[in-house]
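One file, query_15.txt, carrying compact mmCIF, C-alpha atoms:
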# COMPACT_ATOMS: atom_id res chain seq x y z
CA MET A 9 149.08 317.14 143.88
CA GLU A 10 149.49 313.50 144.73
CA MET A 11 150.46 311.41 141.73
CA PRO A 12 147.65 309.03 140.83
CA GLY A 13 148.54 305.51 141.81
CA THR A 14 150.95 306.27 144.67
CA ARG A 15 148.31 305.74 147.36
CA SER A 16 147.79 302.13 146.43
CA VAL A 17 151.46 301.05 146.38
CA ARG A 18 151.61 300.01 150.02
CA ARG A 19 148.34 298.13 149.84
CA THR A 20 149.23 296.23 146.68
CA SER A 21 152.66 295.27 147.99
CA LEU A 22 150.88 293.46 150.85
CA VAL A 23 148.54 291.73 148.40
CA GLU A 24 151.50 290.83 146.20
CA GLY A 25 153.32 289.35 149.17
CA LEU A 26 150.29 287.22 150.02
CA ALA A 27 149.89 286.02 146.44
CA SER A 28 153.59 285.14 146.23
CA ALA A 29 153.41 283.26 149.53
CA LEU A 30 150.42 281.34 148.17
CA VAL A 31 152.34 280.39 145.01
CA ILE A 32 155.36 279.26 147.04
CA THR A 33 153.07 277.17 149.27
CA ALA A 34 151.48 275.63 146.19
CA MET A 35 154.90 274.81 144.73
CA LEU A 36 155.99 273.16 147.98
CA ALA A 37 152.73 271.21 148.06
CA ILE A 38 153.22 270.09 144.45
CA PHE A 39 156.71 268.76 145.14
CA LEU A 40 156.42 267.56 148.74
CA LEU A 41 152.78 266.92 149.58
CA ALA A 42 151.22 265.46 146.43
CA PRO A 43 151.75 261.69 146.12
CA THR A 44 153.77 260.43 143.17
CA GLU A 45 151.49 259.03 140.48
CA GLN A 46 151.86 255.30 139.84
CA THR A 47 152.30 255.03 136.07
CA MET A 48 153.71 258.43 135.12
CA GLY A 49 155.89 259.08 138.13
CA VAL A 50 157.26 262.52 138.92
CA ALA A 51 156.31 263.97 135.52
CA GLN A 52 152.64 263.89 136.50
CA ARG A 53 153.34 266.83 138.84
CA ILE A 54 153.40 269.06 135.74
CA VAL A 55 149.60 268.73 135.71
CA TYR A 56 149.20 270.95 138.77
CA VAL A 57 150.79 273.89 136.97
CA HIS A 58 149.39 273.01 133.56
CA VAL A 59 145.75 273.00 134.62
CA ALA A 60 146.19 276.29 136.50
CA VAL A 61 147.74 278.17 133.55
CA ALA A 62 145.31 276.61 131.06
CA TRP A 63 142.40 277.88 133.11
CA LEU A 64 143.96 281.34 133.27
CA GLY A 65 144.49 281.33 129.49
CA LEU A 66 140.77 280.84 128.97
CA ALA A 67 139.70 283.19 131.77
CA CYS A 68 141.84 286.03 130.38
CA PHE A 69 140.32 285.54 126.93
CA LEU A 70 136.84 285.88 128.37
CA LEU A 71 137.91 288.94 130.35
CA MET A 72 139.49 290.50 127.25
CA ALA A 73 136.26 290.04 125.28
CA ILE A 74 134.01 291.33 128.08
CA THR A 75 136.15 294.43 128.68
CA GLY A 76 136.28 294.93 124.90
CA LEU A 77 132.49 294.89 124.76
CA LEU A 78 132.33 297.32 127.68
CA TYR A 79 134.72 299.64 125.83
CA LEU A 80 132.53 299.59 122.72
CA GLY A 81 129.54 300.40 124.90
CA HIS A 82 131.05 303.13 127.09
CA ARG A 83 134.10 304.34 125.12
CA ASP A 84 136.02 304.53 128.36
CA LEU A 85 139.72 303.80 127.87
CA ALA A 86 139.88 302.18 131.31
CA TRP A 87 138.13 299.15 129.84
CA ASP A 88 140.66 299.03 127.04
CA GLN A 89 143.51 299.07 129.57
CA TRP A 90 141.91 296.07 131.28
CA SER A 91 141.64 294.39 127.85
CA GLN A 92 145.30 294.92 127.13
CA ALA A 93 146.38 293.68 130.57
CA ALA A 94 144.18 290.59 130.14
CA ALA A 95 145.55 289.92 126.66
CA GLU A 96 149.16 290.11 127.78
CA LEU A 97 148.55 287.87 130.75
CA GLY A 98 146.48 285.53 128.57
CA TRP A 99 149.26 285.31 126.01
CA LEU A 100 151.74 284.46 128.76
CA THR A 101 149.55 281.82 130.40
CA SER A 102 148.52 280.23 127.11
CA SER A 103 152.19 280.06 126.07
CA LEU A 104 152.89 278.35 129.39
CA THR A 105 149.94 276.02 128.74
CA LEU A 106 151.50 274.92 125.45
CA LEU A 107 154.92 274.56 127.04
CA THR A 108 153.84 272.59 130.12
CA GLY A 109 151.40 270.55 128.02
CA SER A 110 154.17 269.67 125.61
CA LEU A 111 156.43 268.53 128.44
CA TRP A 112 153.60 266.47 129.90
CA ALA A 113 152.76 264.97 126.51
CA HIS A 114 156.36 263.89 126.06
CA ALA A 115 156.29 262.10 129.40
CA ALA A 116 152.81 260.62 129.02
CA TRP A 117 152.38 259.89 125.29
CA ASN A 118 156.05 259.89 124.25
CA THR A 119 155.45 262.74 121.80
CA TRP A 120 155.94 266.49 122.17
CA TRP A 121 152.84 267.31 120.19
CA THR A 122 149.77 265.60 118.80
CA TRP A 123 146.62 266.90 117.12
CA ASP A 124 144.26 266.38 119.97
CA PRO A 125 141.24 268.73 120.32
CA ARG A 126 142.40 270.48 123.46
CA LEU A 127 145.92 270.93 122.12
CA MET A 128 144.55 272.39 118.94
CA THR A 129 142.19 274.70 120.83
CA SER A 130 145.04 275.93 123.04
CA PHE A 131 147.18 276.51 119.99
CA ILE A 132 144.48 278.50 118.18
CA LEU A 133 143.81 280.50 121.35
CA TRP A 134 147.50 281.34 121.49
CA ALA A 135 147.51 282.34 117.80
CA ILE A 136 144.51 284.66 118.33
CA TYR A 137 146.17 286.27 121.36
CA SER A 138 149.34 286.77 119.30
CA GLY A 139 147.44 288.39 116.41
CA TYR A 140 145.55 290.58 118.86
CA LEU A 141 148.77 291.84 120.44
CA LEU A 142 150.32 292.44 116.99
CA VAL A 143 147.32 294.59 116.03
CA ARG A 144 147.54 296.55 119.25
CA GLY A 145 151.26 297.04 118.77
CA SER A 146 150.86 298.56 115.31
CA LEU A 147 148.31 301.24 116.24
CA GLU A 148 149.15 304.63 117.75
CA ASP A 149 145.74 306.26 118.11
CA VAL A 150 144.39 305.07 121.47
CA HIS A 151 140.71 305.08 120.59
CA LEU A 152 141.18 303.45 117.18
CA ARG A 153 143.38 300.83 118.86
CA ALA A 154 140.80 300.21 121.56
CA ARG A 155 137.97 299.91 119.03
CA LEU A 156 139.74 297.52 116.65
CA ALA A 157 141.09 295.44 119.53
CA ALA A 158 137.60 295.13 121.00
CA VAL A 159 136.15 293.94 117.68
CA LEU A 160 138.96 291.42 117.29
CA ALA A 161 138.50 290.14 120.84
CA LEU A 162 134.77 289.68 120.25
CA VAL A 163 135.27 287.82 116.96
CA GLY A 164 137.80 285.63 118.78
CA ALA A 165 135.42 284.99 121.66
CA LEU A 166 132.76 283.80 119.21
CA ASP A 167 135.32 281.64 117.46
CA VAL A 168 136.71 279.76 120.45
CA PRO A 169 133.56 277.72 121.27
CA LEU A 170 133.35 276.73 117.59
CA VAL A 171 137.01 275.69 117.63
CA VAL A 172 136.28 273.54 120.67
CA MET A 173 133.26 271.97 118.96
CA ALA A 174 135.03 271.29 115.66
CA THR A 175 138.10 269.77 117.23
CA ARG A 176 136.18 267.66 119.72
CA TRP A 177 134.54 265.74 116.87
CA PHE A 178 137.91 264.26 116.08
CA ARG A 179 138.71 261.53 118.53
CA GLY A 180 140.92 262.96 121.23
CA ILE A 181 143.43 261.40 123.61
CA HIS A 182 143.56 264.22 126.16
CA PRO A 183 142.31 263.08 129.58
CA GLN A 184 138.85 264.59 130.14
CA SER A 185 138.85 264.81 133.92
CA PRO A 186 141.01 261.99 135.19
CA LYS A 187 140.17 260.42 138.53
CA MET A 188 142.52 261.75 141.16
CA GLU A 189 143.25 260.91 144.74
CA LEU A 190 141.85 263.36 147.29
CA SER A 191 145.28 264.74 148.23
CA MET A 192 146.10 265.25 144.54
CA ARG A 193 142.86 267.13 144.01
CA ALA A 194 143.58 269.32 147.03
CA VAL A 195 147.02 270.22 145.68
CA LEU A 196 145.53 270.93 142.25
CA LEU A 197 142.94 273.23 143.79
CA LEU A 198 145.62 275.01 145.81
CA SER A 199 147.72 275.47 142.69
CA VAL A 200 144.79 276.88 140.70
CA VAL A 201 143.87 279.28 143.50
CA ALA A 202 147.49 280.40 143.99
CA MET A 203 148.13 280.97 140.29
CA SER A 204 144.82 282.82 139.93
CA ALA A 205 145.71 285.08 142.86
CA LEU A 206 149.09 285.85 141.33
CA ALA A 207 147.46 286.47 137.95
CA ALA A 208 144.88 288.82 139.50
CA VAL A 209 147.65 290.81 141.15
CA LEU A 210 149.65 291.00 137.93
CA LEU A 211 146.52 292.04 136.04
CA VAL A 212 145.72 294.87 138.43
CA ARG A 213 149.33 296.07 138.48
CA ARG A 214 149.65 296.00 134.70
CA ARG A 215 146.40 297.89 134.28
CA GLY A 216 147.61 300.49 136.79
CA GLN A 217 150.82 300.81 134.83
CA LEU A 218 148.91 301.26 131.56
CA ARG A 219 146.76 303.91 133.19
CA LEU A 220 149.80 305.83 134.38
CA GLU A 221 151.39 305.49 130.96
CA TYR A 222 148.29 307.00 129.39
CA LEU A 223 148.12 309.84 131.92
CA LEU A 224 151.80 310.58 131.36
CA GLU A 225 151.29 310.78 127.60
CA GLU A 226 148.35 313.13 128.14
CA LEU A 227 150.47 315.37 130.37
CA GLN A 228 153.32 315.41 127.86
CA GLU A 229 150.93 316.40 125.09
CA GLN A 230 149.48 319.20 127.22
CA ALA A 231 152.98 320.40 128.06
CA GLU A 232 153.90 320.45 124.39
CA ILE A 233 150.79 322.47 123.54
CA ARG A 234 151.67 324.92 126.32
CA ASN A 235 155.26 325.22 125.10
CA ASP A 236 154.07 325.90 121.56
CA ARG A 237 152.03 328.82 122.84
CA MET B 119 117.68 297.36 99.58
CA PRO B 120 118.29 294.45 97.15
CA ALA B 121 118.82 296.97 94.34
CA LYS B 122 121.37 298.93 96.36
CA LEU B 123 123.12 295.74 97.36
CA TRP B 124 123.26 294.64 93.74
CA TRP B 125 124.74 297.97 92.65
CA MET B 126 127.50 297.74 95.21
CA ILE B 127 128.32 294.16 94.27
CA ARG B 128 128.29 295.21 90.62
CA LYS B 129 130.69 298.07 91.39
CA ASP B 130 133.26 295.69 92.89
CA LEU B 131 132.87 293.06 90.18
CA LEU B 132 133.10 295.67 87.44
CA SER B 133 136.24 297.22 88.88
CA GLU B 134 137.80 293.76 89.17
CA TYR B 135 136.74 292.94 85.60
CA ARG B 136 138.20 296.17 84.23
CA ALA B 137 141.46 296.25 86.18
CA ARG B 138 141.90 292.50 86.85
CA ARG B 139 144.04 293.31 89.83
CA VAL B 140 143.32 290.40 92.15
CA TRP B 141 141.48 287.43 90.68
CA PRO B 142 144.07 286.33 88.06
CA ALA B 143 146.86 286.45 90.66
CA MET B 144 144.67 284.56 93.12
CA LEU B 145 143.88 281.85 90.57
CA LEU B 146 147.52 281.49 89.58
CA LEU B 147 148.60 281.21 93.21
CA GLY B 148 145.87 278.61 93.78
CA ILE B 149 147.04 276.51 90.84
CA LEU B 150 150.67 276.72 91.99
CA VAL B 151 149.75 275.73 95.54
CA ALA B 152 147.65 272.85 94.18
CA LEU B 153 150.57 271.71 92.06
CA VAL B 154 153.02 271.80 94.98
CA PHE B 155 150.55 269.98 97.23
CA THR B 156 149.72 267.24 94.73
CA LEU B 157 153.45 266.69 94.16
CA GLN B 158 153.48 265.45 97.76
CA MET B 159 150.59 263.07 97.12
CA ASP B 160 152.56 260.19 95.62
CA LEU B 161 150.71 257.81 97.94
CA LEU B 162 148.45 254.77 97.82
CA PRO B 163 144.97 255.63 96.43
CA GLY B 164 143.32 255.14 99.84
CA GLN B 165 145.74 257.56 101.47
CA GLN B 166 145.27 260.06 98.65
CA ARG B 167 141.52 260.10 99.24
CA ARG B 168 142.17 260.71 102.92
CA ILE B 169 144.25 263.83 102.44
CA ALA B 170 142.94 265.35 99.17
CA GLY B 171 140.14 267.27 100.91
CA GLY B 172 142.44 268.89 103.43
CA LEU B 173 144.97 269.95 100.80
CA LEU B 174 142.22 271.32 98.54
CA TRP B 175 140.87 273.51 101.33
CA LEU B 176 144.32 274.69 102.34
CA ALA B 177 144.95 275.72 98.73
CA VAL B 178 141.59 277.52 98.68
CA PHE B 179 142.44 279.32 101.88
CA PHE B 180 145.96 280.38 100.90
CA ALA B 181 144.94 281.67 97.49
CA GLY B 182 141.60 283.02 98.70
CA ILE B 183 143.29 285.14 101.32
CA MET B 184 144.55 287.31 98.45
CA ALA B 185 141.00 288.22 97.51
CA LEU B 186 139.94 288.71 101.14
CA ASP B 187 143.03 290.76 101.82
CA ARG B 188 142.39 293.11 98.91
CA SER B 189 138.63 293.48 99.41
CA PHE B 190 139.03 296.73 101.32
CA ALA B 191 142.51 297.73 100.23
CA LEU B 192 141.23 299.34 97.02
CA GLU B 193 138.88 301.50 99.04
CA GLY B 194 141.93 303.06 100.66
CA GLU B 195 142.96 304.61 97.35
CA ASP B 196 141.84 308.09 96.32
CA GLY B 197 139.41 308.34 99.21
CA CYS B 198 137.18 305.60 97.80
CA GLY B 199 136.40 304.37 101.30
CA GLU B 200 135.06 307.76 102.40
CA GLY B 201 133.06 307.94 99.18
CA LEU B 202 131.60 304.54 99.88
CA LEU B 203 130.49 305.62 103.34
CA LEU B 204 128.90 308.75 101.87
CA TYR B 205 126.63 306.60 99.73
CA PRO B 206 123.09 306.56 101.03
CA VAL B 207 123.54 302.99 102.25
CA SER B 208 124.13 301.54 105.71
CA PRO B 209 127.49 300.02 106.68
CA THR B 210 125.64 296.71 106.96
CA LEU B 211 124.99 296.84 103.24
CA VAL B 212 128.64 297.65 102.53
CA TYR B 213 129.59 294.59 104.60
CA LEU B 214 127.07 292.35 102.82
CA ALA B 215 128.22 293.51 99.38
CA LYS B 216 131.87 292.82 100.21
CA LEU B 217 130.85 289.48 101.71
CA VAL B 218 129.05 288.45 98.52
CA VAL B 219 131.99 289.51 96.34
CA ASN B 220 134.38 287.51 98.52
CA VAL B 221 132.13 284.44 98.41
CA LEU B 222 132.07 284.77 94.61
CA ALA B 223 135.87 285.10 94.46
CA LEU B 224 136.26 281.91 96.49
CA ALA B 225 133.68 280.16 94.28
CA VAL B 226 135.58 281.09 91.12
CA LEU B 227 138.77 279.87 92.76
CA GLU B 228 137.17 276.51 93.57
CA LEU B 229 135.72 276.24 90.09
CA ILE B 230 139.32 276.14 88.86
CA LEU B 231 140.97 274.35 91.79
CA ILE B 232 138.61 271.38 92.16
CA PRO B 233 139.16 270.20 88.55
CA VAL B 234 142.89 270.91 88.89
CA PHE B 235 143.00 268.77 92.03
CA ILE B 236 141.01 265.98 90.42
CA VAL B 237 143.33 265.94 87.39
CA LEU B 238 146.59 266.23 89.30
CA SER B 239 145.80 263.87 92.16
CA GLY B 240 143.38 261.45 90.53
CA VAL B 241 141.07 261.54 93.55
CA PRO B 242 137.41 261.24 92.43
CA LEU B 243 135.88 264.30 94.09
CA TRP B 244 133.11 264.54 91.46
CA THR B 245 131.14 261.46 92.58
CA HIS B 246 128.71 263.54 94.68
CA PRO B 247 128.58 266.93 92.92
CA GLY B 248 125.59 268.16 94.93
CA LEU B 249 127.25 267.48 98.27
CA LEU B 250 130.54 268.98 97.13
CA LEU B 251 128.69 272.10 95.98
CA LEU B 252 126.96 272.39 99.36
CA VAL B 253 130.22 271.95 101.29
CA ALA B 254 131.97 274.48 99.05
CA ALA B 255 129.18 277.05 99.33
CA LEU B 256 128.98 276.84 103.12
CA GLY B 257 132.76 276.75 103.48
CA ASN B 258 133.11 279.86 101.32
CA LEU B 259 130.45 281.66 103.30
CA GLY B 260 132.20 280.79 106.58
CA ILE B 261 135.65 281.88 105.37
CA ALA B 262 134.31 285.10 103.82
CA ALA B 263 132.15 285.93 106.86
CA VAL B 264 135.23 285.92 109.11
CA GLY B 265 137.63 287.24 106.48
CA THR B 266 135.63 290.27 105.36
CA PRO B 267 135.42 292.13 108.71
CA LEU B 268 138.97 291.16 109.64
CA SER B 269 140.31 292.46 106.34
CA ALA B 270 138.37 295.70 106.91
CA LEU B 271 140.01 295.82 110.33
CA ALA B 272 143.49 295.25 108.89
CA THR B 273 143.14 298.12 106.40
CA LYS B 274 142.65 300.49 109.36
CA ILE B 275 146.17 299.63 110.52
CA PRO B 276 148.90 301.70 108.84
CA ARG B 277 151.06 299.26 106.84
CA GLY B 278 148.98 296.50 108.37
CA THR B 279 147.39 294.67 105.47
CA HIS B 280 149.88 291.84 105.86
CA LEU B 281 148.31 291.22 109.27
CA SER B 282 144.98 290.13 107.81
CA ALA B 283 146.19 286.63 106.94
CA LEU B 284 147.59 286.24 110.44
CA LEU B 285 144.27 287.29 111.96
CA ILE B 286 142.03 285.34 109.61
CA PHE B 287 143.82 282.01 109.55
CA PRO B 288 143.47 280.94 113.19
CA MET B 289 139.84 282.05 113.20
CA VAL B 290 138.84 280.04 110.11
CA ILE B 291 140.62 276.85 111.15
CA PRO B 292 137.25 275.37 112.25
CA VAL B 293 135.84 275.99 108.74
CA VAL B 294 138.90 274.57 106.99
CA LEU B 295 138.73 271.57 109.32
CA ALA B 296 135.02 270.93 108.82
CA ALA B 297 135.13 271.44 105.05
CA SER B 298 138.21 269.19 104.77
CA GLU B 299 136.53 266.43 106.73
CA ALA B 300 133.33 266.69 104.69
CA THR B 301 135.34 266.63 101.45
CA ARG B 302 137.31 263.61 102.69
CA LEU B 303 134.05 261.77 103.37
CA ILE B 304 132.90 262.62 99.83
CA ALA B 305 136.18 261.34 98.36
CA GLU B 306 135.94 258.15 100.42
CA ASP B 307 132.30 257.72 99.36
CA ASP B 308 131.26 257.49 103.01
CA PHE B 309 129.31 260.69 103.66
CA GLY B 310 126.45 259.57 105.91
CA ALA B 311 125.53 261.07 109.27
CA GLU B 312 129.09 262.20 110.01
CA GLY B 313 129.15 264.22 106.80
CA TRP B 314 125.84 265.88 107.59
CA ARG B 315 127.11 266.80 111.02
CA TRP B 316 129.98 268.69 109.40
CA ILE B 317 127.50 270.38 107.04
CA GLN B 318 125.46 271.49 110.04
CA PHE B 319 128.61 272.78 111.67
CA LEU B 320 129.58 274.77 108.56
CA ALA B 321 126.08 276.25 108.38
CA ALA B 322 126.13 277.19 112.07
CA PHE B 323 129.56 278.79 111.71
CA ALA B 324 128.44 280.81 108.71
CA VAL B 325 125.30 282.04 110.49
CA VAL B 326 127.22 283.05 113.64
CA PHE B 327 129.81 285.06 111.74
CA VAL B 328 127.50 286.67 109.20
CA VAL B 329 125.41 287.95 112.11
CA ALA B 330 128.54 288.96 114.06
CA GLY B 331 129.91 290.70 110.98
CA ILE B 332 126.73 292.74 110.58
CA ALA B 333 126.78 293.63 114.28
CA LEU B 334 130.47 294.56 114.45
CA PHE B 335 131.02 296.16 111.05
CA ASP B 336 129.65 299.54 112.18
CA PHE B 337 132.47 299.73 114.73
CA LEU B 338 135.06 299.15 112.02
CA VAL B 339 133.97 301.91 109.66
CA GLU B 340 132.98 304.65 112.11
CA ASP B 341 135.20 307.81 112.27

Would you write out, as structure tokens, the structure that this file holds?
Amino acid sequence: MEMPGTRSVRRTSLVEGLASALVITAMLAIFLLAPTEQTMGVAQRIVYVHVAVAWLGLACFLLMAITGLLYLGHRDLAWDQWSQAAAELGWLTSSLTLLTGSLWAHAAWNTWWTWDPRLMTSFILWAIYSGYLLVRGSLEDVHLRARLAAVLALVGALDVPLVVMATRWFRGIHPQSPKMELSMRAVLLLSVVAMSALAAVLLVRRRGQLRLEYLLEELQEQAEIRNDR
Amino acid sequence: MPAKLWWMIRKDLLSEYRARRVWPAMLLLGILVALVFTLQMDLLPGQQRRIAGGLLWLAVFFAGIMALDRSFALEGEDGCGEGLLLYPVSPTLVYLAKLVVNVLALAVLELILIPVFIVLSGVPLWTHPGLLLLVAALGNLGIAAVGTPLSALATKIPRGTHLSALLIFPMVIPVVLAASEATRLIAEDDFGAEGWRWIQFLAAFAVVFVVAGIALFDFLVED
């Protein structure tokens, strides 16, 4: 019997290669192609990465909630594996959002952190991801874990728009959508596309890994039952 | 349905009254937190009015989490939770009863903490009692509406009750923020349209999460 998952290795390695090439191109474009911004200088180049990871942080949250809802509807663990993959990737990208944002803030506003709406929203998003992963990590039973995680993801998904609303009513200093030169916008778009491609690849690979992990556990359990007989 | 709901609320209140396991500790923690916070408020009167609301709501949250945290923990003992689910009532009613008890716990906490804050900090929070009552009621409902299902969720995790504070806090930051701002506007005697906007926000938050709690609670108690 062919092990599940082996068929797709060759195909995904091609896709991974393409995604990596795209990210390298984007990096080269960020450092060589994009013009240096007048007031902020080289530090402004952080924006190209920052916007890309911030977008992924939000997208993964949405994905985690949607797959959670699908799990509750269908009780198919595949959806839960997608949820977990999205949560891990979302935690990573929202951590990177905080990190790159902090670096940018230091260069632009001369402070590492300030209580601006978007900063606060990113921080809360990160805290919810962290709590979600802690809950997942402390549960053994796969279906209980999937169910509780799905509920938590849905509560979080309802919360995030309210966080955005509440924090926006404080006056913020985060640039809304700053005017950019055409070449800058092109590089930004390239960076977002490249990072999204890489994220999609990572997501699919992680989900495949989780699926194999689950199948392996199932097989081990069956083997144990057989040995007991 | 109202009679069943009342009986379930009564059950929780009676068990708290007889055993006094949570509320006294919660009140003591609240007073201690208020004391520590007001120690830091050796500021000009204008600055005190600016920050009193935020500190009050933080104290309410930190002490209130004890009540939220324990709202389902007792049901884990001696199979009480299973017994509760065997009652001829829907899970929705169980959720609503716990929600009401948590709102009451937070109200009792504020009944003590608001005077304590006024005395210790000297900030005149009593000038608009009606508005303060409204802010407190909606704030409590918002915190309890998020806290009740998440504390039910945390009790499903073996050795996981300590997680409930970690899960609840980020989610209720909007409520703490809105209630703090509204309370600040009351203290500064400048409520107006901005204050009403925060009231609307608190009401919207409470509605969203009470409805979400009813919808999602079934998934937390099934098995």

(request) State, in Å with one decimal place, the distance from CA of Leu77 (chain A) to CA of Val159 (chain A). (result)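 That distance, rounded to one decimal, is 8.0 Å.
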
(request) Name the closest residue to Ala297 (chain B) among the candidates B:Val178, B:Leu334, B:Val151, B:Ala272; distances are taken between atoms, counting all atoms listed in the file. (result)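 Comparing B:Val178, B:Leu334, B:Val151, B:Ala272 against Ala297 (chain B), the winner is B:Val178.
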
(message) Just to confirm, what's the straight-line distance from CA of Lys216 (chain B) to CA of Leu142 (chain A) in Å (one decimal)?
(response)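 Computed distance, CA of Lys216 (chain B) to CA of Leu142 (chain A), equals 24.9 Å.
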
Considering all atoms listed in the file, give me a table of residues in chain A that are at most 6 Å from chain B, with the closest atom pair and distance in Å for each, as JSON lines.
{"residue": "A:Ile132", "atom": "CA", "partner": "B:Pro288", "partner_atom": "CA", "distance": 5.6}
{"residue": "A:Gly139", "atom": "CA", "partner": "B:Leu285", "partner_atom": "CA", "distance": 5.6}
{"residue": "A:Val171", "atom": "CA", "partner": "B:Pro292", "partner_atom": "CA", "distance": 5.4}
{"residue": "A:Ala174", "atom": "CA", "partner": "B:Pro292", "partner_atom": "CA", "distance": 5.8}

(request) Name all residues at most 10 Å from Leu176 (chain B) (count only C-alpha atoms; drop same-chain ones fewer than 2 positions away) and give them as a ChimeraX atom specification. (result) /B:148,151-152,155,170-174,178-182,291,294-295,298

Need the axis-aligned box for region 213-231 of chain B with 4 Å each side, so what are the centre and edges in Å to one decimal, as lines of an AutoDock Vina configuration file?
center_x = 134.0
center_y = 284.5
center_z = 96.7
size_x = 21.9
size_y = 28.2
size_z = 23.7

Please produce region 322-337 of chain B, completed to N, CA and C atoms, as a PDB file, in the coordinates of the input.
ATOM      1  N   ALA B 322     126.193 276.453 110.805  1.00  0.00           N
ATOM      2  CA  ALA B 322     126.130 277.190 112.070  1.00  0.00           C
ATOM      3  C   ALA B 322     127.230 278.247 112.127  1.00  0.00           C
ATOM      4  N   PHE B 323     128.431 277.856 111.713  1.00  0.00           N
ATOM      5  CA  PHE B 323     129.560 278.790 111.710  1.00  0.00           C
ATOM      6  C   PHE B 323     129.265 279.996 110.850  1.00  0.00           C
ATOM      7  N   ALA B 324     128.743 279.718 109.639  1.00  0.00           N
ATOM      8  CA  ALA B 324     128.440 280.810 108.710  1.00  0.00           C
ATOM      9  C   ALA B 324     127.398 281.759 109.308  1.00  0.00           C
ATOM     10  N   VAL B 325     126.353 281.194 109.912  1.00  0.00           N
ATOM     11  CA  VAL B 325     125.300 282.040 110.490  1.00  0.00           C
ATOM     12  C   VAL B 325     125.878 282.918 111.600  1.00  0.00           C
ATOM     13  N   VAL B 326     126.650 282.300 112.507  1.00  0.00           N
ATOM     14  CA  VAL B 326     127.220 283.050 113.640  1.00  0.00           C
ATOM     15  C   VAL B 326     128.035 284.239 113.135  1.00  0.00           C
ATOM     16  N   PHE B 327     128.899 283.986 112.123  1.00  0.00           N
ATOM     17  CA  PHE B 327     129.810 285.060 111.740  1.00  0.00           C
ATOM     18  C   PHE B 327     129.204 286.062 110.764  1.00  0.00           C
ATOM     19  N   VAL B 328     128.182 285.662 110.010  1.00  0.00           N
ATOM     20  CA  VAL B 328     127.500 286.670 109.200  1.00  0.00           C
ATOM     21  C   VAL B 328     126.777 287.647 110.142  1.00  0.00           C
ATOM     22  N   VAL B 329     126.111 287.099 111.148  1.00  0.00           N
ATOM     23  CA  VAL B 329     125.410 287.950 112.110  1.00  0.00           C
ATOM     24  C   VAL B 329     126.419 288.830 112.873  1.00  0.00           C
ATOM     25  N   ALA B 330     127.521 288.200 113.329  1.00  0.00           N
ATOM     26  CA  ALA B 330     128.540 288.960 114.060  1.00  0.00           C
ATOM     27  C   ALA B 330     129.140 290.048 113.173  1.00  0.00           C
ATOM     28  N   GLY B 331     129.350 289.712 111.900  1.00  0.00           N
ATOM     29  CA  GLY B 331     129.910 290.700 110.980  1.00  0.00           C
ATOM     30  C   GLY B 331     129.002 291.902 110.828  1.00  0.00           C
ATOM     31  N   ILE B 332     127.692 291.633 110.699  1.00  0.00           N
ATOM     32  CA  ILE B 332     126.730 292.740 110.580  1.00  0.00           C
ATOM     33  C   ILE B 332     126.759 293.583 111.851  1.00  0.00           C
ATOM     34  N   ALA B 333     126.816 292.905 113.007  1.00  0.00           N
ATOM     35  CA  ALA B 333     126.780 293.630 114.280  1.00  0.00           C
ATOM     36  C   ALA B 333     128.044 294.456 114.504  1.00  0.00           C
ATOM     37  N   LEU B 334     129.199 293.917 114.095  1.00  0.00           N
ATOM     38  CA  LEU B 334     130.470 294.560 114.450  1.00  0.00           C
ATOM     39  C   LEU B 334     130.986 295.503 113.373  1.00  0.00           C
ATOM     40  N   PHE B 335     130.445 295.400 112.154  1.00  0.00           N
ATOM     41  CA  PHE B 335     131.020 296.160 111.050  1.00  0.00           C
ATOM     42  C   PHE B 335     130.919 297.669 111.273  1.00  0.00           C
ATOM     43  N   ASP B 336     129.821 298.107 111.881  1.00  0.00           N
ATOM     44  CA  ASP B 336     129.650 299.540 112.180  1.00  0.00           C
ATOM     45  C   ASP B 336     130.838 300.096 112.952  1.00  0.00           C
ATOM     46  N   PHE B 337     131.353 299.271 113.898  1.00  0.00           N
ATOM     47  CA  PHE B 337     132.470 299.730 114.730  1.00  0.00           C
ATOM     48  C   PHE B 337     133.756 299.853 113.932  1.00  0.00           C
TER      49      PHE B 337
END
